[in-house]
Structure formats: C-alpha cells, structure tokens
file my_file-v9.csv (CSV, C-alpha atoms)
chain,number,residue,atom,x,y,z
C,246,MET,CA,151.8,-17.4,148.6
C,247,GLN,CA,150.8,-15.3,151.5
C,248,VAL,CA,152.5,-15.0,154.9
C,249,ARG,CA,151.9,-12.8,157.9
C,250,LEU,CA,155.0,-11.0,159.0
C,251,LEU,CA,155.7,-9.9,162.6
C,252,PHE,CA,158.4,-7.4,163.5
C,253,PHE,CA,160.0,-7.0,166.9
C,254,GLY,CA,162.3,-4.6,168.7
C,255,ASN,CA,164.3,-2.1,166.7
C,256,LEU,CA,162.8,-3.5,163.4
C,257,THR,CA,159.6,-1.7,164.2
C,258,ASP,CA,161.5,1.5,163.7
C,259,VAL,CA,162.1,0.7,160.0
C,260,MET,CA,158.8,-1.0,159.1
C,261,PRO,CA,155.4,0.8,158.7
C,262,SER,CA,153.8,-1.5,161.3
C,263,THR,CA,154.5,-4.4,163.6
C,264,THR,CA,152.6,-6.8,161.4
C,265,LEU,CA,152.4,-7.1,157.6
C,266,ASP,CA,150.6,-9.5,155.3
C,267,TRP,CA,152.8,-10.2,152.3
C,268,ASP,CA,151.5,-11.8,149.1
C,269,TRP,CA,153.5,-12.9,146.1
C,270,ASN,CA,153.3,-15.0,143.0
C,271,GLY,CA,156.5,-16.6,141.6
C,272,ASP,CA,159.0,-19.1,142.4
C,273,GLY,CA,160.7,-17.8,145.6
C,274,LYS,CA,159.7,-19.9,148.5
C,275,THR,CA,162.4,-19.9,151.1
C,276,VAL,CA,163.0,-17.5,154.0
C,277,ASN,CA,165.9,-16.1,152.0
C,278,ASP,CA,163.7,-15.4,149.0
C,279,LEU,CA,161.2,-13.7,151.2
C,280,LEU,CA,163.8,-11.5,152.8
C,281,ASN,CA,165.2,-10.4,149.5
C,282,MET,CA,161.8,-9.4,148.4
C,283,LEU,CA,161.3,-7.4,151.6
C,284,TYR,CA,164.6,-5.7,151.2
C,285,GLY,CA,163.5,-4.4,147.8
C,286,THR,CA,160.5,-2.7,149.3
C,287,TYR,CA,162.0,-1.9,152.7
C,288,PRO,CA,165.7,-1.2,152.1
C,289,LYS,CA,166.3,-0.1,155.7
C,290,LEU,CA,165.7,-3.7,156.8
C,291,LYS,CA,168.8,-4.9,155.0
C,292,GLY,CA,171.8,-5.3,157.2
C,293,LYS,CA,169.8,-5.5,160.5
C,294,THR,CA,170.7,-8.3,162.9
C,295,PHE,CA,167.7,-10.7,163.4
C,296,ARG,CA,166.7,-14.3,163.4
C,297,VAL,CA,163.6,-15.6,161.6
C,298,ALA,CA,161.0,-17.8,163.2
C,299,VAL,CA,158.2,-19.5,161.2
C,300,ASN,CA,155.2,-20.4,163.2
C,301,GLN,CA,157.1,-19.7,166.4
C,302,GLN,CA,160.1,-21.9,165.5
C,303,PHE,CA,163.5,-20.4,164.6
C,304,VAL,CA,164.5,-21.6,161.2
C,305,ALA,CA,167.5,-21.4,158.9
C,306,MET,CA,167.5,-19.1,155.9
C,307,GLU,CA,166.9,-22.0,153.5
C,308,TYR,CA,163.7,-23.0,155.2
C,309,GLY,CA,160.8,-23.5,152.7
C,310,LEU,CA,157.7,-21.5,153.4
C,311,THR,CA,154.0,-22.6,153.1
C,312,SER,CA,151.2,-20.2,152.4
C,313,GLY,CA,149.6,-19.1,155.6
C,314,ASP,CA,152.8,-19.2,157.6
C,315,GLU,CA,153.5,-16.6,160.3
C,316,VAL,CA,157.0,-15.3,159.9
C,317,ALA,CA,158.6,-13.4,162.8
C,318,LEU,CA,161.8,-11.3,162.4
C,319,MET,CA,163.4,-11.3,165.8
C,320,PRO,CA,166.3,-9.1,166.7
C,321,PRO,CA,168.1,-9.3,170.1
C,322,PHE,CA,167.2,-6.6,172.6
C,323,SER,CA,169.8,-4.7,174.5
C,324,GLY,CA,168.3,-2.9,177.4
C,325,GLY,CA,168.4,-3.9,181.0
R,9,MET,CA,164.3,-10.8,218.8
R,10,ASP,CA,166.4,-14.0,218.9
R,11,ALA,CA,163.6,-16.5,218.4
R,12,PRO,CA,164.8,-19.9,217.3
R,13,LEU,CA,166.0,-19.8,213.7
R,14,GLU,CA,163.7,-22.6,212.6
R,15,LEU,CA,160.5,-21.0,213.7
R,16,ASP,CA,161.4,-17.6,212.1
R,17,PHE,CA,162.4,-19.5,208.9
R,18,LEU,CA,159.1,-21.3,208.8
R,19,ASP,CA,157.1,-18.2,209.5
R,20,ARG,CA,158.8,-16.1,207.0
R,21,TYR,CA,158.3,-18.5,204.1
R,22,GLN,CA,155.0,-20.0,205.2
R,23,ARG,CA,153.1,-18.5,202.3
R,24,GLN,CA,155.3,-20.3,199.8
R,25,LEU,CA,156.0,-23.5,201.7
R,26,SER,CA,152.5,-24.6,201.1
R,27,LEU,CA,153.1,-24.8,197.4
R,28,ARG,CA,153.6,-28.4,196.3
R,29,GLU,CA,156.6,-27.2,194.2
R,30,VAL,CA,158.3,-25.7,197.2
R,31,GLY,CA,157.8,-27.4,200.6
R,32,LEU,CA,160.7,-27.7,203.0
R,33,PRO,CA,163.0,-29.5,200.6
R,34,GLY,CA,162.6,-26.7,198.1
R,35,GLN,CA,163.0,-24.0,200.6
R,36,ARG,CA,166.3,-25.6,201.8
R,37,ALA,CA,167.4,-25.8,198.2
R,38,LEU,CA,166.8,-22.1,197.8
R,39,ARG,CA,168.7,-21.4,201.0
R,40,ALA,CA,171.7,-23.4,199.8
R,41,ALA,CA,171.7,-21.8,196.3
R,42,ARG,CA,174.3,-19.3,195.1
R,43,VAL,CA,172.8,-16.9,192.6
R,44,MET,CA,174.9,-14.2,190.9
R,45,ILE,CA,173.0,-11.1,189.6
R,46,VAL,CA,175.0,-9.2,187.0
R,47,GLY,CA,173.7,-5.7,186.7
R,48,LEU,CA,171.6,-4.0,189.4
R,49,GLY,CA,169.6,-1.7,187.2
R,50,GLY,CA,166.2,-1.9,185.6
R,51,LEU,CA,166.1,-5.7,185.5
R,52,GLY,CA,168.4,-6.4,188.4
R,53,CYS,CA,166.3,-4.5,191.0
R,54,PRO,CA,163.1,-6.4,190.6
R,55,ALA,CA,164.9,-9.7,190.1
R,56,LEU,CA,167.0,-9.2,193.3
R,57,GLN,CA,163.9,-8.2,195.3
R,58,TYR,CA,162.0,-11.4,194.5
R,59,LEU,CA,165.1,-13.7,194.8
R,60,ALA,CA,166.0,-12.4,198.2
R,61,ALA,CA,162.4,-12.4,199.4
R,62,ALA,CA,162.0,-16.0,198.3
R,63,GLY,CA,164.9,-17.1,200.4
R,64,VAL,CA,167.9,-17.5,198.0
R,65,GLY,CA,170.6,-17.9,200.6
R,66,ASN,CA,173.6,-16.7,198.7
R,67,LEU,CA,173.4,-13.6,196.5
R,68,LEU,CA,176.4,-12.3,194.6
R,69,LEU,CA,175.8,-8.8,193.3
R,70,VAL,CA,178.0,-7.6,190.4
R,71,ASP,CA,177.9,-4.0,189.3
R,72,ASP,CA,180.5,-1.3,189.2
R,73,ASP,CA,178.0,1.5,188.7
R,74,VAL,CA,176.8,4.1,191.1
R,75,VAL,CA,173.2,5.2,191.8
R,76,SER,CA,172.2,8.3,189.9
R,77,LEU,CA,169.0,10.4,189.9
R,78,SER,CA,168.0,9.2,186.4
R,79,ASN,CA,168.0,5.6,187.7
R,80,LEU,CA,165.2,6.3,190.2
R,81,HIS,CA,162.3,6.3,187.7
R,82,ARG,CA,162.8,2.5,187.4
R,83,GLN,CA,165.4,1.2,189.8
R,84,THR,CA,163.1,1.2,192.8
R,85,LEU,CA,165.5,-0.5,195.2
R,86,TYR,CA,167.4,2.8,195.7
R,87,GLY,CA,166.6,5.9,197.6
R,88,GLN,CA,167.4,9.5,196.8
R,89,ASN,CA,169.8,9.5,199.7
R,90,GLN,CA,171.9,6.8,198.0
R,91,ILE,CA,172.7,8.8,194.9
R,92,GLY,CA,176.5,8.5,194.4
R,93,GLN,CA,176.7,5.2,196.3
R,94,LYS,CA,177.8,2.0,194.5
R,95,LYS,CA,174.7,0.1,193.4
R,96,ALA,CA,176.1,-3.2,194.7
R,97,HIS,CA,176.5,-1.7,198.2
R,98,ALA,CA,173.1,0.0,198.2
R,99,ALA,CA,171.4,-3.2,197.0
R,100,ALA,CA,173.3,-5.2,199.7
R,101,GLU,CA,171.9,-2.8,202.3
R,102,TRP,CA,168.4,-3.4,201.1
R,103,VAL,CA,168.8,-7.2,201.2
R,104,ALA,CA,170.3,-7.0,204.7
R,105,GLY,CA,167.2,-5.0,205.8
R,106,LEU,CA,164.9,-7.6,204.3
R,107,ASN,CA,166.7,-10.6,205.7
R,108,PRO,CA,170.1,-10.4,207.5
R,109,GLU,CA,170.5,-14.2,207.2
R,110,ILE,CA,171.2,-13.9,203.4
R,111,GLN,CA,174.9,-14.2,202.6
R,112,ILE,CA,175.7,-11.3,200.3
R,113,THR,CA,178.8,-10.9,198.2
R,114,VAL,CA,179.4,-7.5,196.8
R,115,ILE,CA,181.4,-7.3,193.7
R,116,THR,CA,182.0,-3.7,192.4
R,117,GLU,CA,183.5,-4.8,189.2
R,118,ARG,CA,182.3,-4.8,185.7
R,119,PHE,CA,181.6,-8.3,184.3
R,120,THR,CA,183.9,-8.7,181.3
R,121,ASP,CA,185.5,-11.6,179.4
R,122,LEU,CA,188.6,-11.0,181.6
R,123,ASN,CA,186.9,-11.9,184.9
R,124,ALA,CA,183.8,-13.8,183.6
R,125,ILE,CA,185.0,-17.3,184.3
R,126,ALA,CA,186.4,-16.4,187.8
R,127,LEU,CA,183.0,-14.8,188.6
R,128,ALA,CA,180.8,-17.5,187.1
R,129,GLU,CA,182.7,-20.2,189.1
R,130,GLN,CA,181.3,-18.7,192.3
R,131,ALA,CA,177.7,-19.3,191.4
R,132,ASP,CA,175.2,-22.1,190.6
R,133,ILE,CA,173.3,-19.8,188.1
R,134,LEU,CA,173.8,-16.3,186.7
R,135,LEU,CA,171.1,-13.7,186.0
R,136,ASP,CA,171.7,-11.4,183.1
R,137,CYS,CA,170.5,-8.0,184.1
R,138,THR,CA,173.0,-6.2,181.9
R,139,ASP,CA,172.4,-3.6,179.1
R,140,ASN,CA,174.9,-4.4,176.5
R,141,PHE,CA,175.9,-7.2,174.1
R,142,PRO,CA,179.6,-7.7,174.9
R,143,THR,CA,178.7,-8.5,178.5
R,144,ARG,CA,176.0,-10.9,177.4
R,145,TYR,CA,178.3,-12.8,175.1
R,146,ALA,CA,181.0,-12.9,177.8
R,147,MET,CA,178.4,-14.3,180.3
R,148,ASN,CA,177.3,-16.8,177.8
R,149,ASP,CA,180.7,-18.1,177.0
R,150,ALA,CA,181.8,-18.2,180.7
R,151,CYS,CA,178.6,-20.1,181.7
R,152,ALA,CA,179.3,-22.6,178.9
R,153,ALA,CA,182.9,-23.0,180.0
R,154,VAL,CA,181.9,-23.4,183.7
R,155,GLY,CA,178.9,-25.6,183.0
R,156,ILE,CA,176.2,-23.5,184.6
R,157,PRO,CA,173.0,-21.9,183.3
R,158,TRP,CA,172.1,-18.3,183.0
R,159,VAL,CA,168.8,-16.5,182.7
R,160,TYR,CA,168.8,-14.0,179.9
R,161,GLY,CA,166.7,-10.9,180.0
R,162,SER,CA,166.5,-7.8,177.8
R,163,ILE,CA,164.2,-5.0,177.0
R,164,ALA,CA,163.4,-2.5,174.3
R,165,ARG,CA,160.8,0.1,174.9
R,166,PHE,CA,157.7,-1.9,175.7
R,167,GLU,CA,159.1,-5.3,174.8
R,168,GLY,CA,161.2,-7.9,176.6
R,169,GLN,CA,162.9,-11.2,176.0
R,170,VAL,CA,163.6,-13.9,178.5
R,171,ALA,CA,165.3,-17.3,178.1
R,172,VAL,CA,167.2,-19.9,180.2
R,173,PHE,CA,170.5,-20.7,178.4
R,174,ASN,CA,172.8,-23.6,179.0
R,175,ALA,CA,170.7,-25.5,181.6
R,176,ALA,CA,171.2,-29.2,182.0
R,177,ARG,CA,168.3,-31.1,180.5
R,178,MET,CA,166.3,-32.8,183.3
R,179,ASP,CA,165.2,-35.5,180.8
R,180,GLN,CA,168.5,-36.7,179.4
R,181,SER,CA,166.7,-38.8,176.8
R,182,GLU,CA,165.9,-35.6,175.0
R,183,SER,CA,169.6,-34.9,174.5
R,184,THR,CA,169.9,-36.6,171.1
R,185,VAL,CA,166.8,-35.0,169.7
R,186,LYS,CA,167.5,-31.5,171.1
R,187,GLY,CA,171.2,-31.3,170.3
R,188,GLY,CA,173.0,-32.0,173.6
R,189,THR,CA,172.7,-32.4,177.3
R,190,ARG,CA,172.3,-28.7,178.0
R,191,SER,CA,169.7,-26.3,176.6
R,192,LEU,CA,170.8,-24.0,173.7
R,193,ASN,CA,172.7,-20.9,174.5
R,194,TYR,CA,172.7,-17.3,173.4
R,195,ARG,CA,175.1,-17.8,170.5
R,196,ASP,CA,172.7,-20.5,169.2
R,197,VAL,CA,170.0,-17.9,168.9
R,198,PHE,CA,172.1,-14.8,168.0
R,199,PRO,CA,175.4,-16.0,166.7
R,200,GLN,CA,176.2,-12.5,165.3
R,201,GLU,CA,176.8,-9.7,167.7
R,202,PRO,CA,175.0,-6.6,166.3
R,203,GLY,CA,177.2,-3.7,165.1
R,204,PRO,CA,177.8,-0.8,167.4
R,205,GLY,CA,174.9,1.5,167.6
R,206,GLU,CA,172.6,-0.8,165.8
R,207,ILE,CA,170.5,-1.8,168.8
R,208,LEU,CA,169.9,0.8,171.4
R,209,ASN,CA,169.5,0.4,175.2
R,210,CYS,CA,167.1,2.1,177.7
R,211,GLU,CA,169.1,5.2,178.0
R,212,GLU,CA,168.7,5.8,174.3
R,213,LEU,CA,165.3,4.4,173.6
R,214,GLY,CA,163.4,5.1,176.8
R,215,VAL,CA,161.5,2.6,179.0
R,216,LEU,CA,158.8,2.6,181.8
R,217,GLY,CA,160.0,1.0,185.0
R,218,ALA,CA,156.9,-1.3,185.1
R,219,LEU,CA,158.1,-3.0,181.9
R,220,ALA,CA,161.5,-3.6,183.4
R,221,GLY,CA,159.7,-4.9,186.5
R,222,ILE,CA,157.8,-7.4,184.5
R,223,ILE,CA,160.8,-8.8,182.7
R,224,GLY,CA,163.1,-8.8,185.8
R,225,SER,CA,160.3,-10.6,187.7
R,226,LEU,CA,160.0,-13.2,184.9
R,227,GLN,CA,163.7,-13.8,185.2
R,228,ALA,CA,163.5,-14.2,189.0
R,229,LEU,CA,160.7,-16.7,188.5
R,230,GLU,CA,162.8,-18.8,186.1
R,231,VAL,CA,165.7,-18.8,188.5
R,232,LEU,CA,163.4,-20.0,191.3
R,233,LYS,CA,161.9,-22.7,189.1
R,234,TYR,CA,165.4,-23.9,188.2
R,235,LEU,CA,166.5,-24.0,191.8
R,236,LEU,CA,163.3,-25.8,192.8
R,237,LYS,CA,163.8,-28.3,189.9
R,238,ILE,CA,160.4,-27.4,188.3
R,239,GLU,CA,160.6,-29.0,184.9
R,240,ARG,CA,158.9,-26.2,182.9
R,241,LEU,CA,161.7,-23.7,182.1
R,242,LEU,CA,162.3,-21.5,179.1
R,243,MET,CA,164.9,-23.9,177.8
R,244,ASP,CA,165.4,-24.0,174.1
R,245,GLN,CA,162.8,-21.2,173.9
R,246,LEU,CA,162.8,-17.5,173.7
R,247,LEU,CA,159.9,-15.8,175.5
R,248,THR,CA,158.9,-12.4,174.2
R,249,TYR,CA,156.5,-10.0,175.9
R,250,ASP,CA,154.8,-7.0,174.3
R,251,GLY,CA,153.6,-4.7,177.0
R,252,LEU,CA,151.5,-2.5,174.7
R,253,ASN,CA,149.4,-5.4,173.4
R,254,HIS,CA,150.0,-7.7,176.4
R,255,ARG,CA,151.1,-10.4,174.0
R,256,MET,CA,153.4,-13.2,175.1
R,257,MET,CA,154.9,-15.5,172.6
R,258,GLN,CA,157.3,-18.4,172.9
R,259,PHE,CA,159.7,-19.2,170.1
R,260,GLN,CA,161.3,-22.6,169.8
R,261,LEU,CA,165.0,-22.5,169.3
R,262,ARG,CA,167.1,-24.7,167.0
R,263,PRO,CA,170.8,-24.3,166.6
R,264,THR,CA,171.7,-22.1,163.7
R,265,THR,CA,172.9,-23.8,160.6
R,266,THR,CA,175.6,-21.4,159.3
R,267,SER,CA,174.7,-20.1,155.9
R,268,LYS,CA,176.9,-17.1,155.1
R,269,SER,CA,175.3,-14.8,152.6
call {"tool": "encode", "arguments": {"input": "my_file-v9.csv", "output": "structure tokens"}}
result
Amino acid sequence: MQVRLLFFGNLTDVMPSTTLDWDWNGDGKTVNDLLNMLYGTYPKLKGKTFRVAVNQQFVAMEYGLTSGDEVALMPPFSGG
Amino acid sequence: MDAPLELDFLDRYQRQLSLREVGLPGQRALRAARVMIVGLGGLGCPALQYLAAAGVGNLLLVDDDVVSLSNLHRQTLYGQNQIGQKKAHAAAEWVAGLNPEIQITVITERFTDLNAIALAEQADILLDCTDNFPTRYAMNDACAAVGIPWVYGSIARFEGQVAVFNAARMDQSESTVKGGTRSLNYRDVFPQEPGPGEILNCEELGVLGALAGIIGSLQALEVLKYLLKIERLLMDQLLTYDGLNHRMMQFQLRPTTTSKS
C-alpha cells in the first residue's frame, strides 16, 4: 500500500516536510493503522489535535484506505 | 452635499450593481443585513473594509482590545495616532468616514460564553475574526442556539482556513443526505478543543499582513455571498489556503463518528 500524506498547520513543525509518501506491506489498512505506524516513526505527532481527510473528504478513524489515496492531517488553526 | 439619497446610493454601488448576482434587490439585502464582526485584528480589518464598502447596512463591531504599535504591520485600518484607542471605536471611525449611512454598533466587550447568545441574537450572521479556541467554540455554540450562520477564519504563518458553519441549506432536499437542515458546524470538524499551548497564534508564530488580508477577504466574500443568496458557499467544506505554494484545497466535511481511542 502506498499513500501520499499531507501535513498542515502546526504539524509541519514536527514532520520533516509538508508531504510524505508512505509505503507499507502488511495488514493494517485503516486510518487508525496508518496513524499508529506514523507515531512509531514520528513520535512527536502523537497527541496532536487533527482530523484526517482522505482524497479531500474528512473521514473517521476506522476508514479503510486504498493504495494511492491522498491522506491529509488537518489541525485547526488559531490565529486571527 | 445633500444629494438625494437614491442617486448617491446608486452611484456608490454602481460597479457592483451591474453584477447579475447583486442588482438592486441584492444591494437592498446588503443594506438591511446585520453583520457582527468579532475581533478587529488581522482578519477583522480586511473583512470589515470589504463588508462596509460593499454596503452592509448594519455592522456590529465586537472587540475589547486597544490599538498597539505591534498591530500596525497587519491591521491596516488603524493609524499611528490611534494607538491606545479601543479598536472597536477606531474601526467605527473608519467606517463612518467611508460611509456615514452605515449603522455601527460598537461593543467593547470580549465575546465569551457568558454574553455569546445575547450578542449573537443581534445579528443575521457572525464573522469569526478571533485568535483563540475558547471564543470560537463559544461562537459556534451561540450561533447554533440562535440559529444563525458564522464564517470561520483562522491563520497559521502562511496558511489559512475558512468555512461557513451552521448555514441553512438552500436546497432542503439535501437535508437527509447531508445530516440536517443546516450545514455542519465547528464541533463537527474539530470536536476536541486543543490543549493549552498546543496550537499557537500570530503573536507566537508570526504572520505577514498580506496573508491575513487574503483570509479576511475570503471571509468577507462568503458573508456577502450568503447575504446575496448565492448558492455556492463553503458549507460542509473547509477551505485551506497555502500562501507559500498558492495552493487552495477544499475538504468535504462529514460529522465525526465518535471513536474514543
């Protein structure tokens, strides 16, 4: 499976870039599974407040991913 | 100087009256509208400028802050000679200079959950130009209680977010499919308020005024479209703008299904 990850707002402070291509073999296919993998490599991501959108639609954590999906991690912004 | 009101009115708005989406009915709708702008800072200044200029007839300005020197790099409504003045009064002066016909209500209070409903009841639509989460959640809940929409805006360095929350669906046949007669609201997108210090604001992160100008202008545009009943609003959507790459994206919102981990 391969997905393209997009990071927004304060998440760009804890990730190496605003986009990341992520490949994996194995069983995990849900958004939850993907996040748990990411937390292993990028522990500073854990505990941050954000929603997940797949192909520009916000989804629940149980959503099943398909290879080629674009997965955005979207925190709220604060400034005004 | 006392030319008949009608002629002045037509002359002032001539460049937008010719838009099919505006016309005299639309212009009258703008004049009758009551728009509350909460926050007269980086987002509030550009938003107010374009709403007043377009002819919104009743503007309610909510801010308890005063103008400071560090505001002037992005809050372009204010002059150096207004440092120390309440922003709501300074902004009202600017509006009066642009168009003395606009009814201005100055509210030098902080918008909190204690006064939110009483404030929201005075308007047809609220504009979120605030810089903190508690105020946004208070605004969201008050607008839901009162039954009016609000236009969300927020920024982080070179990025911004805009959405129209709690607006009545123009096509009620969509209600069943889209989960209700009103568009989704802030808690549907971000049910969990971030912890203190997790997400920083402009004072902490930094921002260029032009980015605030873009997002505040987008918010003003959504308010105008709402008042003109243009059926292409950011309802059930979150618009994001990335000013470094000039990328705009629109994310479709669904209500969150609660799955506590």
call {"tool": "closest_atom_pairs", "arguments": {"input": "my_file-v9.csv", "of": "chain R", "to": "chain C", "cutoff": "6 Å", "atoms": "all atoms listed in the file", "output": "JSON lines"}}
result
{"residue": "R:Gly50", "atom": "CA", "partner": "C:Gly325", "partner_atom": "CA", "distance": 5.5}
{"residue": "R:Leu51", "atom": "CA", "partner": "C:Gly325", "partner_atom": "CA", "distance": 5.4}
{"residue": "R:Cys137", "atom": "CA", "partner": "C:Gly325", "partner_atom": "CA", "distance": 5.6}
{"residue": "R:Thr138", "atom": "CA", "partner": "C:Gly325", "partner_atom": "CA", "distance": 5.2}
{"residue": "R:Asp139", "atom": "CA", "partner": "C:Gly325", "partner_atom": "CA", "distance": 4.4}
{"residue": "R:Asn140", "atom": "CA", "partner": "C:Ser323", "partner_atom": "CA", "distance": 5.5}
{"residue": "R:Ser162", "atom": "CA", "partner": "C:Gly324", "partner_atom": "CA", "distance": 5.2}
{"residue": "R:Ile163", "atom": "CA", "partner": "C:Gly324", "partner_atom": "CA", "distance": 4.6}
{"residue": "R:Ala164", "atom": "CA", "partner": "C:Gly324", "partner_atom": "CA", "distance": 5.8}
{"residue": "R:Pro202", "atom": "CA", "partner": "C:Thr294", "partner_atom": "CA", "distance": 5.7}
{"residue": "R:Asn209", "atom": "CA", "partner": "C:Gly324", "partner_atom": "CA", "distance": 4.1}
{"residue": "R:Cys210", "atom": "CA", "partner": "C:Gly324", "partner_atom": "CA", "distance": 5.2}
{"residue": "R:Phe259", "atom": "CA", "partner": "C:Gln301", "partner_atom": "CA", "distance": 4.5}
{"residue": "R:Gln260", "atom": "CA", "partner": "C:Gln302", "partner_atom": "CA", "distance": 4.5}
{"residue": "R:Leu261", "atom": "CA", "partner": "C:Phe303", "partner_atom": "CA", "distance": 5.4}
call {"tool": "residues_around", "arguments": {"input": "my_file-v9.csv", "residues": "Glu109 of chain R", "least_positions_apart": "5", "cutoff": "12 Å", "atoms": "all atoms listed in the file", "output": "mmCIF file with C-alpha atoms, in the coordinates of the input"}}
result
data_model
loop_
_atom_site.group_PDB
_atom_site.id
_atom_site.type_symbol
_atom_site.label_atom_id
_atom_site.label_comp_id
_atom_site.auth_asym_id
_atom_site.auth_seq_id
_atom_site.Cartn_x
_atom_site.Cartn_y
_atom_site.Cartn_z
ATOM 1 C CA LEU R 13 166.000 -19.800 213.700
ATOM 2 C CA ASP R 16 161.400 -17.600 212.100
ATOM 3 C CA PHE R 17 162.400 -19.500 208.900
ATOM 4 C CA ARG R 20 158.800 -16.100 207.000
ATOM 5 C CA ARG R 39 168.700 -21.400 201.000
ATOM 6 C CA ALA R 40 171.700 -23.400 199.800
ATOM 7 C CA ALA R 60 166.000 -12.400 198.200
ATOM 8 C CA ALA R 61 162.400 -12.400 199.400
ATOM 9 C CA GLY R 63 164.900 -17.100 200.400
ATOM 10 C CA VAL R 64 167.900 -17.500 198.000
ATOM 11 C CA GLY R 65 170.600 -17.900 200.600
ATOM 12 C CA ASN R 66 173.600 -16.700 198.700
ATOM 13 C CA LEU R 67 173.400 -13.600 196.500
ATOM 14 C CA VAL R 103 168.800 -7.200 201.200
ATOM 15 C CA ALA R 104 170.300 -7.000 204.700
#
call {"tool": "residues_around", "arguments": {"input": "my_file-v9.csv", "residues": "Gly271 of chain C", "least_positions_apart": "6", "cutoff": "12 Å", "atoms": "all atoms listed in the file", "output": "PyMOL selection string"}}
result
chain C and resi 246-247+278-279+282
call {"tool": "write_last_selection", "arguments": {"input": "my_file-v9.csv", "atoms": "C-alpha atoms", "output": "mmCIF file, in the frame of the given file"}}
result
data_model
loop_
_atom_site.group_PDB
_atom_site.id
_atom_site.type_symbol
_atom_site.label_atom_id
_atom_site.label_comp_id
_atom_site.auth_asym_id
_atom_site.auth_seq_id
_atom_site.Cartn_x
_atom_site.Cartn_y
_atom_site.Cartn_z
ATOM 1 C CA MET C 246 151.800 -17.400 148.600
ATOM 2 C CA GLN C 247 150.800 -15.300 151.500
ATOM 3 C CA ASP C 278 163.700 -15.400 149.000
ATOM 4 C CA LEU C 279 161.200 -13.700 151.200
ATOM 5 C CA MET C 282 161.800 -9.400 148.400
#
call {"tool": "atom_distance", "arguments": {"input": "my_file-v9.csv", "atom1": "atom CA of Leu69 of chain R", "atom2": "atom CA of Thr116 of chain R"}}
result
8.1 Å
call {"tool": "residues_around", "arguments": {"input": "my_file-v9.csv", "residues": "Val154 of chain R", "least_positions_apart": "2", "cutoff": "10 Å", "atoms": "only C-alpha atoms", "output": "VMD selection string"}}
result
chain R and resid 124 to 132 148 to 152 156 to 157
call {"tool": "write_last_selection", "arguments": {"input": "my_file-v9.csv", "atoms": "C-alpha atoms", "output": "PDB file, in the coordinates of the input"}}
result
ATOM      1  CA  ALA R 124     183.800 -13.800 183.600  1.00  0.00           C
ATOM      2  CA  ILE R 125     185.000 -17.300 184.300  1.00  0.00           C
ATOM      3  CA  ALA R 126     186.400 -16.400 187.800  1.00  0.00           C
ATOM      4  CA  LEU R 127     183.000 -14.800 188.600  1.00  0.00           C
ATOM      5  CA  ALA R 128     180.800 -17.500 187.100  1.00  0.00           C
ATOM      6  CA  GLU R 129     182.700 -20.200 189.100  1.00  0.00           C
ATOM      7  CA  GLN R 130     181.300 -18.700 192.300  1.00  0.00           C
ATOM      8  CA  ALA R 131     177.700 -19.300 191.400  1.00  0.00           C
ATOM      9  CA  ASP R 132     175.200 -22.100 190.600  1.00  0.00           C
ATOM     10  CA  ASN R 148     177.300 -16.800 177.800  1.00  0.00           C
ATOM     11  CA  ASP R 149     180.700 -18.100 177.000  1.00  0.00           C
ATOM     12  CA  ALA R 150     181.800 -18.200 180.700  1.00  0.00           C
ATOM     13  CA  CYS R 151     178.600 -20.100 181.700  1.00  0.00           C
ATOM     14  CA  ALA R 152     179.300 -22.600 178.900  1.00  0.00           C
ATOM     15  CA  ILE R 156     176.200 -23.500 184.600  1.00  0.00           C
ATOM     16  CA  PRO R 157     173.000 -21.900 183.300  1.00  0.00           C
TER      17      PRO R 157
END
call {"tool": "atom_distance", "arguments": {"input": "my_file-v9.csv", "atom1": "atom CA of Pro108 of chain R", "atom2": "atom CA of Ala55 of chain R"}}
result
18.2 Å
call {"tool": "atom_distance", "arguments": {"input": "my_file-v9.csv", "atom1": "atom CA of Leu229 of chain R", "atom2": "atom CA of Val159 of chain R"}}
result
10.0 Å
call {"tool": "closest_residue", "arguments": {"input": "my_file-v9.csv", "among": "R:Leu18, R:Arg82, R:Tyr160, R:Gln245", "to": "Gly31 of chain R", "atoms": "all atoms listed in the file"}}
result
R:Leu18
call {"tool": "decode", "arguments": {"input": "my_file-v9.csv", "residues": "segment 136-147 of chain R", "atoms": "N, CA and C atoms", "output": "PDB file, in the first residue's frame"}}
result
ATOM      1  N   ASP R 136     -16.094  35.312  12.382  1.00  0.00           N
ATOM      2  CA  ASP R 136     -15.075  34.945  13.365  1.00  0.00           C
ATOM      3  C   ASP R 136     -13.732  35.506  12.926  1.00  0.00           C
ATOM      4  N   CYS R 137     -13.325  36.581  13.586  1.00  0.00           N
ATOM      5  CA  CYS R 137     -12.004  37.138  13.331  1.00  0.00           C
ATOM      6  C   CYS R 137     -11.228  37.124  14.643  1.00  0.00           C
ATOM      7  N   THR R 138     -11.412  36.047  15.380  1.00  0.00           N
ATOM      8  CA  THR R 138     -10.788  35.927  16.695  1.00  0.00           C
ATOM      9  C   THR R 138      -9.477  35.163  16.580  1.00  0.00           C
ATOM     10  N   ASP R 139      -8.801  35.013  17.689  1.00  0.00           N
ATOM     11  CA  ASP R 139      -7.484  34.383  17.636  1.00  0.00           C
ATOM     12  C   ASP R 139      -7.322  33.321  18.711  1.00  0.00           C
ATOM     13  N   ASN R 140      -8.444  32.753  19.165  1.00  0.00           N
ATOM     14  CA  ASN R 140      -8.311  31.731  20.191  1.00  0.00           C
ATOM     15  C   ASN R 140      -9.473  30.753  20.132  1.00  0.00           C
ATOM     16  N   PHE R 141      -9.233  29.556  20.646  1.00  0.00           N
ATOM     17  CA  PHE R 141     -10.225  28.484  20.541  1.00  0.00           C
ATOM     18  C   PHE R 141     -11.437  28.675  21.441  1.00  0.00           C
ATOM     19  N   PRO R 142     -11.285  29.082  22.707  1.00  0.00           N
ATOM     20  CA  PRO R 142     -12.493  29.231  23.541  1.00  0.00           C
ATOM     21  C   PRO R 142     -13.535  30.151  22.914  1.00  0.00           C
ATOM     22  N   THR R 143     -13.083  31.254  22.313  1.00  0.00           N
ATOM     23  CA  THR R 143     -14.040  32.172  21.686  1.00  0.00           C
ATOM     24  C   THR R 143     -14.716  31.515  20.492  1.00  0.00           C
ATOM     25  N   ARG R 144     -13.973  30.757  19.720  1.00  0.00           N
ATOM     26  CA  ARG R 144     -14.572  30.109  18.549  1.00  0.00           C
ATOM     27  C   ARG R 144     -15.621  29.087  18.963  1.00  0.00           C
ATOM     28  N   TYR R 145     -15.323  28.317  19.989  1.00  0.00           N
ATOM     29  CA  TYR R 145     -16.320  27.343  20.437  1.00  0.00           C
ATOM     30  C   TYR R 145     -17.548  28.050  21.023  1.00  0.00           C
ATOM     31  N   ALA R 146     -17.320  29.162  21.725  1.00  0.00           N
ATOM     32  CA  ALA R 146     -18.458  29.926  22.272  1.00  0.00           C
ATOM     33  C   ALA R 146     -19.314  30.461  21.126  1.00  0.00           C
ATOM     34  N   MET R 147     -18.650  30.949  20.086  1.00  0.00           N
ATOM     35  CA  MET R 147     -19.354  31.499  18.933  1.00  0.00           C
ATOM     36  C   MET R 147     -20.144  30.398  18.240  1.00  0.00           C
TER      37      MET R 147
END
